[in-house]
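Below you'll find the structure, written out as structure tokens, and then a few comments.
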Amino acid sequence: MSSGDVEREFDEMNRAAEQGGGKERIDEQHKKGKLTARERIGLLLDPGTFNEMDKFVTHRSSDLGLDRSRPLGDGVVTGFGKIDGRLAYVYAHDFTVFGGSLGEAHMKKITKVMDLALKNGAPIVGLNDSGGARIQEGVSSLAGVSEMFFRNTLASGVIPQISAVLGPSAGAAVYSPAMTDFVFMVKGTGQMFVTGPDVVKAALGETVTFEELGGAMVHASQSGVAHFMFDSEKECLSAIRRLLSFLPQNNSEPPPAMEWTEDPSAADPGLDSLAPAEPYKAYDIRGIIQRLLDGGDYLEVHAGWAQNVTVGFGRLAGSSIGVVANQPMVLSGALDVDSADKAARFVRFCDSFNIPILTLVDVPGYLPGSDQEHRGLIRHGSKLLYAYCEATVPKVTLIVKKAYGGAYCAMGSKYSKADINYAWPGAEIAVMGPEGAINIIYRKEIETSSDKEGLRKRLTAEYRKKFANPYVAASRGIIDEIILPSATRPKLIAAFGSLKDKSEFRPAKKHGNIQL
């Protein structure tokens, strides 16, 4: 064979592989508002950096008519490239080939890049658009899927794992994204469900659409499966790049630092008026978070779910930090089942990847009521306590206003081993709110008083002065320093700077047994 023939064959094979299921199916993909696997990878990675692997792999099954079609690539594009100049591994289901279904050869391609990502200490990004396990390949397909689950588990806490759900992710295909660190979804096209609408109707007689059952809005606001939701694939893939800019490549590296030239000692008088003086007046804690972070840049995680707590990433003097904060705009910032889960998982992620944690506290307690108790508030609430106590990364806590009861203990208190605890002068730290406390302590006196409201007001003021103000906690070393709001950013920069070489002992064990 001449060199010209060799080159011709090479070009033909590559063109065939890159056509996936063919022009007609690619056009169908575009009509649905979806990009192809290679178009998605092109938007995710730095231009010209993608190195494809296993481009010519085909399935080896002959059952149920599969022998009549052996498309190159077998429905998934895999390889590695760079994101902002840093190595990343990627796989993207090709829905134009067998609906992106997960076959044996298909799964071997995915697990190969997962293994390489783990060996080389680099993030893995999965771009999901699959109908699930390939039915025609039976148990061989399920074996391949299970191998992926095993690698998801091995990689957890070692390298960042990110999933984008850009089309259907059904049946067996749905569990791998759920095991990764962050799930991104696109409205209108991305869907996740264990059983589809047809099965639901047949089994339960319930009629439900794909979007109602497992669309992006459902998972971003109700189930909590999705961490991020976007209107388009382009926005989604750009956001993955942004998230990775805050994260280290693996658990043996510090988080990335960016150059920051502004004066770290500069005060911010604008913070003095952001938190209202009244204990129970609602305000948006994100206004405070943004003023504390470099350039006000705050990447909120799980923004649509369990909104009584906000979590996310930002930078202080150029260095990445994780932020956990009560949100007084929702349920007065009280902790409930979902917000405890949300915050605990975020704290554990930060601890896995050496990302320091800033906690802002304004919490009236755990949310009362039979609904929460019956849903397991005790079990779920304990997860947050566990996560903070387990975390050994630098932890700095600022009590902005209220910090009551067990919820105070759970929100990065001195008792859950936060390294440095600050409070603003108007903070209140107590077993419970002054109003509730005096109603218990002085119940008989109030009941028999001729001026019940006047007595309540006087006793509440006395209790607040004697027990709830931050100087009481400071006198016992529970608060390390009371600081003015305007001085908070310089204090935080100095605190985290002092903790950059922190080392903390924990007993040797296989792993703990968190209340899942």
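Labels used: A, B, ... for chains in the order of the structure tokens, numbers from 1 for residues in each chain, and numbers from 1 for ligands as shown.
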
**Message:** List the spatial neighbours of A:Gly224 as a list of chain:residue names - criterion: any atom at most 8 Å away, only C-alpha atoms, same-chain residues fewer than 4 positions off excluded.
**Reply:** A:His219, A:Ala220, A:His302, A:Trp305, A:Ala306

Writing out the chosen residues with C-alpha atoms as a PDB file, in the first residue's frame:
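The resulting file, out.pdb, is shown below:
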ATOM      1  CA  HIS A 219     -33.470  18.392  40.401  1.00  0.00           C
ATOM      2  CA  ALA A 220     -32.126  21.901  41.021  1.00  0.00           C
ATOM      3  CA  HIS A 302     -27.110  24.480  44.919  1.00  0.00           C
ATOM      4  CA  TRP A 305     -32.306  24.053  46.669  1.00  0.00           C
ATOM      5  CA  ALA A 306     -32.479  24.339  50.477  1.00  0.00           C
TER       6      ALA A 306
END

**Request:** From a DSSP pass on the backbone, collect the residues of stretch 86-122 of chain A flagged as strand (DSSP E or B) and hand them back as a list in words.
**Result:**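 Answer for stretch 86-122 of chain A, restricted to strand (DSSP E or B): Arg86, Leu87, Ala88, Tyr89, Val90, Tyr91, Ala92, His93 and Leu102 of chain A.
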
Could you save the residues just selected, with C-alpha atoms, as a short mmCIF file (atom, residue, chain, number, x, y, z; two decimals), in the first residue's frame?
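Result saved to result_14.cif:
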data_model
loop_
_atom_site.label_atom_id
_atom_site.label_comp_id
_atom_site.auth_asym_id
_atom_site.auth_seq_id
_atom_site.Cartn_x
_atom_site.Cartn_y
_atom_site.Cartn_z
CA ARG A 86 -4.52 22.50 33.31
CA LEU A 87 -4.93 18.83 32.44
CA ALA A 88 -8.46 17.39 32.43
CA TYR A 89 -9.97 14.10 31.25
CA VAL A 90 -13.34 13.98 29.53
CA TYR A 91 -15.91 11.60 28.11
CA ALA A 92 -19.01 12.59 26.14
CA HIS A 93 -21.85 10.27 25.21
CA LEU A 102 -23.82 2.16 27.62
#

**Request:** Record the distance separating atom CA of A:Ala178 and atom CA of A:Pro255, expressed in Å with one decimal.
**Result:** 23.8 Å

**Request:** Find the residues near A:Lys109: any atom within 9 Å, counting only C-alpha atoms, skip ones fewer than 4 places away on the same chain, and give them as a PyMOL selection string.
**Result:** chain A and resi 53-54+57+73+76-78+91+104-105+113-114

For the residues in that selection, give me C-alpha atoms as a PDB file, in the first residue's frame.
ATOM      1  CA  MET A  53      -8.511   8.077  22.635  1.00  0.00           C
ATOM      2  CA  ASP A  54     -10.117   4.850  21.390  1.00  0.00           C
ATOM      3  CA  VAL A  57     -13.275   1.089  19.100  1.00  0.00           C
ATOM      4  CA  GLY A  73     -16.313   4.931  18.710  1.00  0.00           C
ATOM      5  CA  VAL A  76     -18.854   7.804  23.328  1.00  0.00           C
ATOM      6  CA  VAL A  77     -15.967  10.210  22.719  1.00  0.00           C
ATOM      7  CA  THR A  78     -13.128  10.038  25.254  1.00  0.00           C
ATOM      8  CA  TYR A  91     -15.910  11.603  28.115  1.00  0.00           C
ATOM      9  CA  GLU A 104     -19.427  -3.112  27.105  1.00  0.00           C
ATOM     10  CA  ALA A 105     -16.869  -1.525  24.752  1.00  0.00           C
ATOM     11  CA  VAL A 113      -9.965   7.604  30.963  1.00  0.00           C
ATOM     12  CA  MET A 114     -11.226   7.433  34.544  1.00  0.00           C
TER      13      MET A 114
END

**Request:** For stretch 497-514 of chain A, please output as a list in words all residues within 9 Å (counting only C-alpha atoms; exclusion window: fewer than 4 positions along the same chain).
**Result:** Pro356, Ser382, Lys383, Tyr386, Ala387, Glu390, Thr392, Val393, Pro394, Lys395, Asp419, Leu492 and Ile493 of chain A
